[in-house]
Amino acid sequence: QVQLVESGGGLVQPGGSLRLSCAASESIFAFVFMGWYRQAPGKQRELVATITSSKITYYVDSVKGRFTISGDNVKGTVYLQMNNLNPEDTARYYCKAIRPSGSAYWGQGTQVTVSS
């Protein structure tokens, strides 16, 4: 069973930065796709950013130019660098990984709160 462990969340002021980490229990080469999603209270979980095994990235419009997704194959970790955060970014952030077979795995999430 794949385990994904997110970390790096916290409380930050508007305009601040955070870097989220998603540590996988196996090599990220095992996945065709890894991504970050977020869910705010009362809202549906939404896609934030993804990265494929060939390093192709995708960002939802609301975070383009502010967030950067990257992967470290040696450490088996995917990161989400978040800059210029605003209160609308407040949510619980989840990591997702998909194997070539289509099997999908989720982490438990890490809370990000943007508030002055």
# chains A, B, ... in the order shown; residues from 1 in each chain; ligands from 1

$ residues_around --residues "stretch 88-99 of chain A" --least-positions-apart "4" --cutoff "8 Å" --atoms "only C-alpha atoms" --output "list in words"
Leu4, Val5, Glu6, Cys22, Ala30, Phe31, Val32, Phe33, Met34, Gly35, Trp36, Tyr37, Arg38, Gln39, Ala40, Pro41, Ser103, Ala104, Tyr105, Trp106, Gly107, Gln108, Gly109, Thr110, Gln111, Val112, Thr113 and Val114 of chain A

$ select_by_dssp --residues "stretch 7-106 of chain A" --states "strand (DSSP E or B)" --output "PyMOL selection string"
chain A and resi 7+10-12+18-24+33-39+46-52+57-59+67-72+77-82+91-98+104-106

$ closest_residue --among "A:Ser62, A:Gln3, A:Ser116, A:Ser54" --to "A:Thr77" --atoms "only C-alpha atoms"
A:Gln3

$ residues_around --residues "A:Val2" --least-positions-apart "4" --cutoff "8 Å" --atoms "only C-alpha atoms" --output "list of chain:residue names"
A:Ala24, A:Ser25, A:Glu26, A:Tyr105

$ write_last_selection --atoms "N, CA and C atoms" --output "PDB file, in the first residue's frame"
ATOM      1  N   ALA A  24       6.547  10.154  -0.653  1.00  0.00           N
ATOM      2  CA  ALA A  24       5.945   8.876  -1.046  1.00  0.00           C
ATOM      3  C   ALA A  24       6.741   7.723  -0.444  1.00  0.00           C
ATOM      4  N   SER A  25       6.046   6.615  -0.190  1.00  0.00           N
ATOM      5  CA  SER A  25       6.694   5.449   0.421  1.00  0.00           C
ATOM      6  C   SER A  25       7.456   4.629  -0.594  1.00  0.00           C
ATOM      7  N   GLU A  26       7.386   5.016  -1.869  1.00  0.00           N
ATOM      8  CA  GLU A  26       8.180   4.387  -2.902  1.00  0.00           C
ATOM      9  C   GLU A  26       8.592   5.423  -3.910  1.00  0.00           C
ATOM     10  N   TYR A 105      -3.859   7.047  -5.112  1.00  0.00           N
ATOM     11  CA  TYR A 105      -3.597   7.103  -3.685  1.00  0.00           C
ATOM     12  C   TYR A 105      -3.625   8.556  -3.223  1.00  0.00           C
TER      13      TYR A 105
END

$ closest_residue --among "A:Val74, A:Leu18, A:Met82, A:Ala23" --to "A:Ala49" --atoms "only C-alpha atoms"
A:Met82

$ residues_around --residues "A:Leu80" --least-positions-apart "5" --cutoff "8 Å" --atoms "only C-alpha atoms" --output "PyMOL selection string"
chain A and resi 19-21+36+67-70

$ write_last_selection --atoms "C-alpha atoms" --output "PDB file, in the first residue's frame"
ATOM      1  CA  ARG A  19       6.457  25.020   0.633  1.00  0.00           C
ATOM      2  CA  LEU A  20       4.439  21.854   0.893  1.00  0.00           C
ATOM      3  CA  SER A  21       6.077  18.434   0.669  1.00  0.00           C
ATOM      4  CA  TRP A  36      -1.794  18.635  -5.338  1.00  0.00           C
ATOM      5  CA  PHE A  67       2.702  28.175  -7.283  1.00  0.00           C
ATOM      6  CA  THR A  68       5.370  25.801  -8.574  1.00  0.00           C
ATOM      7  CA  ILE A  69       5.188  22.007  -8.469  1.00  0.00           C
ATOM      8  CA  SER A  70       8.374  19.972  -8.622  1.00  0.00           C
TER       9      SER A  70
END

$ closest_residue --among "A:Val60, A:Ile28, A:Val12, A:Gln1" --to "A:Lys75" --atoms "only C-alpha atoms"
A:Ile28

$ residues_around --residues "A:Tyr58" --least-positions-apart "4" --cutoff "9 Å" --atoms "only C-alpha atoms" --output "VMD selection string"
chain A and resid 48 to 52 64 69

$ closest_residue --among "A:Pro87, A:Arg66, A:Asp72, A:Tyr79" --to "A:Phe29" --atoms "only C-alpha atoms"
A:Asp72

$ select_by_dssp --residues "stretch 6-65 of chain A" --states "helix (DSSP H, G or I)" --output "PyMOL selection string"
chain A and resi 28-30+61-63
